[in-house]
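Undergrad: Below is the structure I would like to discuss, written out as structure tokens.
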There are 2 protein chains.
Amino acid sequence: MRTFETVLAQIEQRIAADGLTVGDRLPGERQLAEQLGVGRSSVREALRVLETLGVVSSQVGRGPDAGAVLISRPDGTLADLLRLNLGLATMSAREVLDTRLMIERWSAARVTSAPAAMTEALAAMDAAGSPEEFVTHDIAFHVALTDAAGNRLLSAVLRALRDALVSNAVEAVRRLGHTGDLQADHRRIHAAIEAGDAAEAVAAVTAHLARAYPGLSLTQNVF
Amino acid sequence: MRTFETVLAQIEQRIAADGLTVGDRLPGERQLAEQLGVGRSSVREALRVLETLGVVSSQVGRGPDAGAVLISRPDGTLADLLRLNLGLATMSAREVLDTRLMIERWSAARVTSAPAAMTEALAAMDAAGSPEEFVTHDIAFHVALTDAAGNRLLSAVLRALRDALVSNAVEAVRRLGHTGDLQADHRRIHAAIEAGDAAEAVAAVTAHLARAYPGLSLTQNVF
DNA sequence: AGACCAAATATGGTCAGACCATACACCTTT
DNA sequence: AAAGGTGTATGGTCTGACCATATTTGGTCT
């Protein structure tokens with residue numbers, strides 16, 4: 001086993017043993033290297049892995065906020081994962097879109113009150129001056145819906161999906177040429193959620209994604 | 001921006017520009033460092049990130065298979081991501097289980113013919129001598145079901161979920177004390193799929209997870 | 001006493017060079 | 001032709017040095 005992997009295991013074990021949590025600091029790289037009897041480069045490679053996984057963040061300088069701090073931000077990792085694997089064609093856009101549809105239907109069925117962020121995104125989309133700007137707020141709308149469903153894992157996955165699909169989304173908006181239909185869909189989703197009509201909310205989400213991405217597998221109504 | 005991040009960007013850009021795909025080799029660390037005008041340690045940190053994301057694998061030695069090779073294995077990354085974030089309490093077991101239920105219901109609704117791996121796992125569970133062994137084949141059963149649905153992203157997520165929940169699963173089996181009911185559930189799922197009855201397959205999966213993990217949010221039948 | 005400024009210091013970031021273990025390539029010997 | 005030894009390119013690791021950054025410290029001026 002490589003040295004940095006043992007360092008990784010020991011750091012993870014220490015996090016569990018000491019009950020470290022978000023916000024706590026790890027020892028400095030030099031100190032950690034000495035404690036574990038390894039070189040600083042091995043410690044750095046282990047920290048790089050943890051940073052990639054979104055559990056530590058390193059700050060330079062001196063003081064209470066410097067050094068490696070425990071965080072928990074899986075979003076970026078998931079987005080990188082999807083982007084790179086899409087680039088290597090291990091996953092198809094179709095699979096990503098099916099997954100997105102599944103998550104949004106699941107969320108739409110569970111959210112009973114539209115959060116303020118959804119309403120704000122709706123207005124921002126009305127005021128958008130470019131496809132890029134529209135898509136930015138469109139993402140915010142859908143992320144707000146999923147966040148409201150209360151499953152942080154699914155929220156993280158959806159954010160990653162949207163990050164990986166931003167270019168597709170901009171292209172889809174350009175292809176449509178206008179955003180009126182999309183906004184009508186958004187308002188239908190919003191209204192259904194405010195009305196507490198889960199079935200209608202699911203149908204509205206499904207119709208919306210079908211419009212944006214023709215060819216999606218929407219025939220299955222039973223989950 | 002840190003040096004290794006620019007290296008990362010340039011490697012990714014080169015993958016896209018040269019149309020590199022799974023199986024292709026990257027230049028050696030020393031050569032890459034010289035080409036990019038950076039130190040070898042920066043190249044190594046970038047490669048470590050790519051390895052963590054499951055797109056590169058490094059082999060020592062010499063020959064056609066040595067060096068950094070492009071792969072595409074997101075499973076391990078996802079598993080690490082979930083495990084570490086569960087450890088930091090950013091995600092709850094409940095959220096993970098809800099996600100698993102969603103994926104398995106989605107899969108059960110779409111698979112119309114049980115793959116051989118499901119049948120084999122069924123027999124292996126009958127022959128299992130310990131909870132650990134039972135869970136191993138139980139995982140294989142559920143993974144086979146999801147794989148058959150044909151969405152590699154969801155398959156990867158499910159594998160990661162199961163890896164993160166192995167200890168919970170073993171505990172659940174121990175709590176039940178016997179595996180007869182679980183096997184009956186599995187056979188019900190298997191039969192529904194073979195019969196092409198999507199609604200029954202979904203109901204069977206739902207009942208199965210409800211038995212294994214009491215307290216799951218199973219009341220929502222509408223997606 | 002307070003405010004301000006400069007030096008000291010601790011931190012991560014990077015580089016260079018060296019050495020090791022590994023695994024194949026190549027040549028020599030039989 | 002087969003067998004074995006040597007060479008070599010590869011990743012893995014360590015050491016030591018230096019840099020950039022940001023806080024801490026301590027002194028100085030008002």
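Each chain of the structure tokens is named A, B, ... in the order shown, its residues numbered from 1; ligands are numbered from 1 in display order.
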Select residues of chain D: the criterion is any atom within 10 Å of an atom of chain A, counting only C-alpha atoms (C1' of nucleotides); output as an MDAnalysis selection string.
TA: chainID D and resid 12:15 20:24
Undergrad: Give me a file of those residues, with N, CA and C atoms (P, O5', C5', C4', C3', O3' and C1' of nucleotides), as a JSON list (two decimals), in the first residue's frame.
TA:
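Generated output (again.json):
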[["chain", "number", "residue", "atom", "x", "y", "z"],
["D", 12, "DG", "P", 2.57, 6.10, -8.07],
["D", 12, "DG", "O5'", 3.85, 5.93, -7.14],
["D", 12, "DG", "C5'", 4.05, 4.68, -6.48],
["D", 12, "DG", "C4'", 4.93, 4.87, -5.26],
["D", 12, "DG", "C3'", 4.45, 6.00, -4.33],
["D", 12, "DG", "O3'", 4.51, 5.55, -2.98],
["D", 12, "DG", "C1'", 6.70, 6.36, -4.95],
["D", 13, "DT", "P", 4.04, 6.51, -1.81],
["D", 13, "DT", "O5'", 5.42, 7.14, -1.37],
["D", 13, "DT", "C5'", 6.42, 6.28, -0.79],
["D", 13, "DT", "C4'", 7.68, 7.07, -0.51],
["D", 13, "DT", "C3'", 7.48, 8.28, 0.39],
["D", 13, "DT", "O3'", 7.91, 7.95, 1.69],
["D", 13, "DT", "C1'", 9.05, 8.67, -1.39],
["D", 14, "DC", "P", 7.75, 9.00, 2.89],
["D", 14, "DC", "O5'", 9.15, 9.75, 2.84],
["D", 14, "DC", "C5'", 10.36, 8.99, 2.92],
["D", 14, "DC", "C4'", 11.55, 9.90, 2.66],
["D", 14, "DC", "C3'", 11.57, 11.15, 3.54],
["D", 14, "DC", "O3'", 12.68, 11.11, 4.41],
["D", 14, "DC", "C1'", 12.06, 11.64, 1.23],
["D", 15, "DT", "P", 12.76, 12.15, 5.63],
["D", 15, "DT", "O5'", 13.73, 13.28, 5.07],
["D", 15, "DT", "C5'", 14.93, 12.89, 4.38],
["D", 15, "DT", "C4'", 15.55, 14.09, 3.70],
["D", 15, "DT", "C3'", 15.48, 15.39, 4.52],
["D", 15, "DT", "O3'", 16.81, 15.78, 4.84],
["D", 15, "DT", "C1'", 14.85, 15.75, 2.22],
["D", 20, "DA", "P", 7.79, 35.30, -3.87],
["D", 20, "DA", "O5'", 6.36, 34.98, -3.25],
["D", 20, "DA", "C5'", 5.50, 34.09, -3.93],
["D", 20, "DA", "C4'", 4.17, 33.98, -3.20],
["D", 20, "DA", "C3'", 3.56, 35.30, -2.74],
["D", 20, "DA", "O3'", 2.16, 35.26, -2.98],
["D", 20, "DA", "C1'", 3.90, 33.88, -0.86],
["D", 21, "DT", "P", 1.25, 36.51, -2.57],
["D", 21, "DT", "O5'", 0.66, 36.07, -1.17],
["D", 21, "DT", "C5'", -0.02, 34.84, -1.07],
["D", 21, "DT", "C4'", -0.41, 34.58, 0.37],
["D", 21, "DT", "C3'", -1.06, 35.76, 1.08],
["D", 21, "DT", "O3'", -2.28, 35.33, 1.63],
["D", 21, "DT", "C1'", 0.63, 34.82, 2.43],
["D", 22, "DA", "P", -3.43, 36.47, 1.93],
["D", 22, "DA", "O5'", -3.54, 36.38, 3.51],
["D", 22, "DA", "C5'", -3.72, 35.12, 4.14],
["D", 22, "DA", "C4'", -3.31, 35.21, 5.60],
["D", 22, "DA", "C3'", -3.80, 36.48, 6.30],
["D", 22, "DA", "O3'", -4.40, 36.14, 7.54],
["D", 22, "DA", "C1'", -1.49, 36.18, 6.65],
["D", 23, "DT", "P", -5.28, 37.24, 8.31],
["D", 23, "DT", "O5'", -4.89, 37.01, 9.84],
["D", 23, "DT", "C5'", -4.69, 35.70, 10.30],
["D", 23, "DT", "C4'", -3.44, 35.65, 11.15],
["D", 23, "DT", "C3'", -3.50, 36.48, 12.44],
["D", 23, "DT", "O3'", -3.52, 35.61, 13.54],
["D", 23, "DT", "C1'", -1.39, 36.64, 11.35],
["D", 24, "DT", "P", -3.89, 36.17, 15.01],
["D", 24, "DT", "O5'", -2.46, 36.39, 15.67],
["D", 24, "DT", "C5'", -1.53, 35.31, 15.71],
["D", 24, "DT", "C4'", -0.16, 35.83, 16.05],
["D", 24, "DT", "C3'", -0.09, 36.67, 17.32],
["D", 24, "DT", "O3'", 0.81, 36.07, 18.23],
["D", 24, "DT", "C1'", 1.09, 37.71, 15.54]]
Undergrad: From chain A, collect each residue whose DSSP state is strand (DSSP E or B) and return the set as a PyMOL selection string.
TA: chain A and resi 25+56-59+67-70
Undergrad: For the residues selected in the previous step, produce a file with all heavy atoms as a PDB file, in the first residue's frame.
TA:
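The resulting selection.pdb:
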ATOM      1  N   ARG A  25      -9.768  21.898  12.986  1.00  0.00           N
ATOM      2  CA  ARG A  25      -8.530  21.976  12.223  1.00  0.00           C
ATOM      3  C   ARG A  25      -7.703  20.713  12.370  1.00  0.00           C
ATOM      4  O   ARG A  25      -7.660  20.110  13.439  1.00  0.00           O
ATOM      5  CB  ARG A  25      -7.691  23.162  12.694  1.00  0.00           C
ATOM      6  CG  ARG A  25      -8.143  24.467  12.126  1.00  0.00           C
ATOM      7  CD  ARG A  25      -7.254  25.597  12.626  1.00  0.00           C
ATOM      8  NE  ARG A  25      -5.847  25.378  12.290  1.00  0.00           N
ATOM      9  CZ  ARG A  25      -4.857  26.154  12.749  1.00  0.00           C
ATOM     10  NH1 ARG A  25      -5.129  27.154  13.544  1.00  0.00           N
ATOM     11  NH2 ARG A  25      -3.613  25.912  12.393  1.00  0.00           N
ATOM     12  N   VAL A  56     -11.802  18.570   3.280  1.00  0.00           N
ATOM     13  CA  VAL A  56     -10.894  19.517   3.916  1.00  0.00           C
ATOM     14  C   VAL A  56     -10.666  20.698   2.985  1.00  0.00           C
ATOM     15  O   VAL A  56     -10.848  20.604   1.774  1.00  0.00           O
ATOM     16  CB  VAL A  56      -9.524  18.902   4.289  1.00  0.00           C
ATOM     17  CG1 VAL A  56      -9.658  17.674   5.132  1.00  0.00           C
ATOM     18  CG2 VAL A  56      -8.705  18.633   3.056  1.00  0.00           C
ATOM     19  N   SER A  57     -10.289  21.792   3.570  1.00  0.00           N
ATOM     20  CA  SER A  57      -9.961  22.995   2.822  1.00  0.00           C
ATOM     21  C   SER A  57      -8.727  23.612   3.442  1.00  0.00           C
ATOM     22  O   SER A  57      -8.645  23.738   4.662  1.00  0.00           O
ATOM     23  CB  SER A  57     -11.133  23.974   2.873  1.00  0.00           C
ATOM     24  OG  SER A  57     -10.739  25.234   2.370  1.00  0.00           O
ATOM     25  N   SER A  58      -7.760  23.965   2.613  1.00  0.00           N
ATOM     26  CA  SER A  58      -6.491  24.465   3.141  1.00  0.00           C
ATOM     27  C   SER A  58      -6.385  25.975   2.949  1.00  0.00           C
ATOM     28  O   SER A  58      -6.637  26.489   1.867  1.00  0.00           O
ATOM     29  CB  SER A  58      -5.321  23.772   2.431  1.00  0.00           C
ATOM     30  OG  SER A  58      -5.314  22.393   2.742  1.00  0.00           O
ATOM     31  N   GLN A  59      -5.995  26.649   4.010  1.00  0.00           N
ATOM     32  CA  GLN A  59      -5.741  28.086   3.929  1.00  0.00           C
ATOM     33  C   GLN A  59      -4.301  28.370   4.302  1.00  0.00           C
ATOM     34  O   GLN A  59      -3.804  27.820   5.284  1.00  0.00           O
ATOM     35  CB  GLN A  59      -6.668  28.870   4.860  1.00  0.00           C
ATOM     36  CG  GLN A  59      -8.069  29.070   4.314  1.00  0.00           C
ATOM     37  CD  GLN A  59      -8.957  27.886   4.597  1.00  0.00           C
ATOM     38  OE1 GLN A  59      -8.802  27.232   5.607  1.00  0.00           O
ATOM     39  NE2 GLN A  59      -9.893  27.601   3.706  1.00  0.00           N
ATOM     40  N   GLY A  67      -4.313  26.647   7.805  1.00  0.00           N
ATOM     41  CA  GLY A  67      -4.147  25.205   7.865  1.00  0.00           C
ATOM     42  C   GLY A  67      -5.309  24.456   7.245  1.00  0.00           C
ATOM     43  O   GLY A  67      -6.176  25.041   6.592  1.00  0.00           O
ATOM     44  N   ALA A  68      -5.312  23.164   7.449  1.00  0.00           N
ATOM     45  CA  ALA A  68      -6.339  22.298   6.866  1.00  0.00           C
ATOM     46  C   ALA A  68      -7.537  22.223   7.790  1.00  0.00           C
ATOM     47  O   ALA A  68      -7.432  21.797   8.931  1.00  0.00           O
ATOM     48  CB  ALA A  68      -5.766  20.903   6.616  1.00  0.00           C
ATOM     49  N   VAL A  69      -8.685  22.668   7.297  1.00  0.00           N
ATOM     50  CA  VAL A  69      -9.905  22.713   8.090  1.00  0.00           C
ATOM     51  C   VAL A  69     -10.907  21.714   7.521  1.00  0.00           C
ATOM     52  O   VAL A  69     -11.029  21.587   6.296  1.00  0.00           O
ATOM     53  CB  VAL A  69     -10.505  24.133   8.064  1.00  0.00           C
ATOM     54  CG1 VAL A  69     -11.793  24.179   8.874  1.00  0.00           C
ATOM     55  CG2 VAL A  69      -9.496  25.135   8.595  1.00  0.00           C
ATOM     56  N   LEU A  70     -11.597  21.034   8.401  1.00  0.00           N
ATOM     57  CA  LEU A  70     -12.609  20.077   7.953  1.00  0.00           C
ATOM     58  C   LEU A  70     -13.826  20.817   7.430  1.00  0.00           C
ATOM     59  O   LEU A  70     -14.348  21.728   8.080  1.00  0.00           O
ATOM     60  CB  LEU A  70     -13.031  19.157   9.108  1.00  0.00           C
ATOM     61  CG  LEU A  70     -12.031  18.073   9.489  1.00  0.00           C
ATOM     62  CD1 LEU A  70     -12.568  17.228  10.632  1.00  0.00           C
ATOM     63  CD2 LEU A  70     -11.740  17.204   8.285  1.00  0.00           C
TER      64      LEU A  70
END
Undergrad: Would you please work out which residue, of A:Ile139, A:Ala192, A:Ile103, A:Leu20, is nearest to Arg152 (chain A) when using only C-alpha atoms?
TA: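 Once distances to Arg152 (chain A) are computed over only C-alpha atoms, the minimum belongs to A:Ile103.
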Undergrad: Per residue of chain C within 10 Å of chain B, which atom pair is closest and at what distance in Å (one decimal), using only C-alpha atoms (C1' of nucleotides), listed by chain and increasing number, as JSON lines?
TA:
{"residue": "C:DG13", "atom": "C1'", "partner": "B:Arg2", "partner_atom": "CA", "distance": 7.4}
{"residue": "C:DT14", "atom": "C1'", "partner": "B:Gly39", "partner_atom": "CA", "distance": 7.1}
{"residue": "C:DC15", "atom": "C1'", "partner": "B:Gly39", "partner_atom": "CA", "distance": 5.5}
{"residue": "C:DA16", "atom": "C1'", "partner": "B:Gly39", "partner_atom": "CA", "distance": 8.0}
{"residue": "C:DA21", "atom": "C1'", "partner": "B:Gly61", "partner_atom": "CA", "distance": 8.8}
{"residue": "C:DT22", "atom": "C1'", "partner": "B:Gly61", "partner_atom": "CA", "distance": 4.9}
{"residue": "C:DA23", "atom": "C1'", "partner": "B:Gly61", "partner_atom": "CA", "distance": 4.2}
{"residue": "C:DC24", "atom": "C1'", "partner": "B:Arg62", "partner_atom": "CA", "distance": 4.8}
{"residue": "C:DA25", "atom": "C1'", "partner": "B:Gly63", "partner_atom": "CA", "distance": 8.0}
Undergrad: For the residues selected in the previous step, produce a file with N, CA, C and O atoms (P, O5', C5', C4', C3', O3' and C1' of nucleotides) as a PDB file, in the first residue's frame.
TA:
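In the end it all went to selection.pdb:
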ATOM      1  P    DG C  13      -1.844  24.601  -0.143  1.00  0.00           P
ATOM      2  O5'  DG C  13      -0.532  25.267  -0.761  1.00  0.00           O
ATOM      3  C5'  DG C  13      -0.630  26.553  -1.358  1.00  0.00           C
ATOM      4  C4'  DG C  13       0.484  26.741  -2.373  1.00  0.00           C
ATOM      5  C3'  DG C  13       0.650  25.567  -3.348  1.00  0.00           C
ATOM      6  O3'  DG C  13       0.822  26.085  -4.662  1.00  0.00           O
ATOM      7  C1'  DG C  13       2.694  25.991  -2.234  1.00  0.00           C
ATOM      8  P    DT C  14       1.011  25.064  -5.901  1.00  0.00           P
ATOM      9  O5'  DT C  14       2.597  24.987  -6.006  1.00  0.00           O
ATOM     10  C5'  DT C  14       3.332  26.160  -6.324  1.00  0.00           C
ATOM     11  C4'  DT C  14       4.809  25.869  -6.309  1.00  0.00           C
ATOM     12  C3'  DT C  14       5.239  24.708  -7.200  1.00  0.00           C
ATOM     13  O3'  DT C  14       5.827  25.257  -8.375  1.00  0.00           O
ATOM     14  C1'  DT C  14       6.427  24.786  -5.100  1.00  0.00           C
ATOM     15  P    DC C  15       6.292  24.291  -9.558  1.00  0.00           P
ATOM     16  O5'  DC C  15       7.820  24.047  -9.189  1.00  0.00           O
ATOM     17  C5'  DC C  15       8.665  25.159  -8.950  1.00  0.00           C
ATOM     18  C4'  DC C  15       9.989  24.701  -8.378  1.00  0.00           C
ATOM     19  C3'  DC C  15      10.659  23.581  -9.170  1.00  0.00           C
ATOM     20  O3'  DC C  15      11.849  24.065  -9.776  1.00  0.00           O
ATOM     21  C1'  DC C  15      10.732  23.192  -6.797  1.00  0.00           C
ATOM     22  P    DA C  16      12.532  23.238 -10.952  1.00  0.00           P
ATOM     23  O5'  DA C  16      13.763  22.538 -10.228  1.00  0.00           O
ATOM     24  C5'  DA C  16      14.555  23.292  -9.320  1.00  0.00           C
ATOM     25  C4'  DA C  16      15.456  22.365  -8.540  1.00  0.00           C
ATOM     26  C3'  DA C  16      16.001  21.184  -9.334  1.00  0.00           C
ATOM     27  O3'  DA C  16      17.421  21.205  -9.296  1.00  0.00           O
ATOM     28  C1'  DA C  16      15.041  20.436  -7.273  1.00  0.00           C
ATOM     29  P    DA C  21      14.633  -0.790  -2.058  1.00  0.00           P
ATOM     30  O5'  DA C  21      13.316  -1.007  -2.946  1.00  0.00           O
ATOM     31  C5'  DA C  21      12.070  -0.570  -2.434  1.00  0.00           C
ATOM     32  C4'  DA C  21      10.955  -0.889  -3.420  1.00  0.00           C
ATOM     33  C3'  DA C  21      10.983  -2.299  -4.017  1.00  0.00           C
ATOM     34  O3'  DA C  21       9.654  -2.808  -4.045  1.00  0.00           O
ATOM     35  C1'  DA C  21      11.111  -0.705  -5.771  1.00  0.00           C
ATOM     36  P    DT C  22       9.340  -4.255  -4.684  1.00  0.00           P
ATOM     37  O5'  DT C  22       8.910  -3.917  -6.173  1.00  0.00           O
ATOM     38  C5'  DT C  22       7.850  -2.992  -6.381  1.00  0.00           C
ATOM     39  C4'  DT C  22       7.691  -2.729  -7.865  1.00  0.00           C
ATOM     40  C3'  DT C  22       7.607  -3.986  -8.732  1.00  0.00           C
ATOM     41  O3'  DT C  22       6.392  -3.952  -9.441  1.00  0.00           O
ATOM     42  C1'  DT C  22       9.081  -2.392  -9.672  1.00  0.00           C
ATOM     43  P    DA C  23       5.701  -5.335  -9.929  1.00  0.00           P
ATOM     44  O5'  DA C  23       5.961  -5.281 -11.507  1.00  0.00           O
ATOM     45  C5'  DA C  23       5.514  -4.145 -12.235  1.00  0.00           C
ATOM     46  C4'  DA C  23       6.245  -4.077 -13.552  1.00  0.00           C
ATOM     47  C3'  DA C  23       6.359  -5.410 -14.292  1.00  0.00           C
ATOM     48  O3'  DA C  23       5.986  -5.233 -15.639  1.00  0.00           O
ATOM     49  C1'  DA C  23       8.467  -4.406 -14.133  1.00  0.00           C
ATOM     50  P    DC C  24       5.483  -6.494 -16.508  1.00  0.00           P
ATOM     51  O5'  DC C  24       6.212  -6.250 -17.911  1.00  0.00           O
ATOM     52  C5'  DC C  24       5.968  -5.036 -18.599  1.00  0.00           C
ATOM     53  C4'  DC C  24       7.280  -4.490 -19.103  1.00  0.00           C
ATOM     54  C3'  DC C  24       7.873  -5.221 -20.313  1.00  0.00           C
ATOM     55  O3'  DC C  24       7.831  -4.362 -21.431  1.00  0.00           O
ATOM     56  C1'  DC C  24       9.527  -4.662 -18.693  1.00  0.00           C
ATOM     57  P    DA C  25       8.243  -4.928 -22.881  1.00  0.00           P
ATOM     58  O5'  DA C  25       9.784  -4.540 -23.018  1.00  0.00           O
ATOM     59  C5'  DA C  25      10.149  -3.169 -22.951  1.00  0.00           C
ATOM     60  C4'  DA C  25      11.614  -2.999 -23.289  1.00  0.00           C
ATOM     61  C3'  DA C  25      12.078  -3.783 -24.515  1.00  0.00           C
ATOM     62  O3'  DA C  25      12.953  -2.977 -25.289  1.00  0.00           O
ATOM     63  C1'  DA C  25      13.307  -4.479 -22.600  1.00  0.00           C
TER      64       DA C  25
END
Undergrad: If we count only C-alpha atoms, which residues of chain B reach to within 6 Å of chain A? Please list them as a PyMOL selection string.
TA: chain B and resi 21+53+81+88+95+105-106+109+151+223
Undergrad: Save out the residues we just selected, C-alpha atoms, as a PDB file, in the first residue's frame.
TA:
ATOM      1  CA  THR B  21     -10.267   7.835 -24.187  1.00  0.00           C
ATOM      2  CA  LEU B  53     -11.944  11.106  -9.258  1.00  0.00           C
ATOM      3  CA  LEU B  81     -17.585  10.697  -0.860  1.00  0.00           C
ATOM      4  CA  LEU B  88     -19.084  14.300   9.115  1.00  0.00           C
ATOM      5  CA  GLU B  95     -31.356  10.438   3.280  1.00  0.00           C
ATOM      6  CA  ARG B 105     -38.047   1.545  -7.391  1.00  0.00           C
ATOM      7  CA  TRP B 106     -37.027   3.287 -10.577  1.00  0.00           C
ATOM      8  CA  ALA B 109     -40.186  -0.424 -12.876  1.00  0.00           C
ATOM      9  CA  ASN B 151     -28.350   3.713 -16.186  1.00  0.00           C
ATOM     10  CA  PHE B 223     -43.708  10.257  -7.801  1.00  0.00           C
TER      11      PHE B 223
END
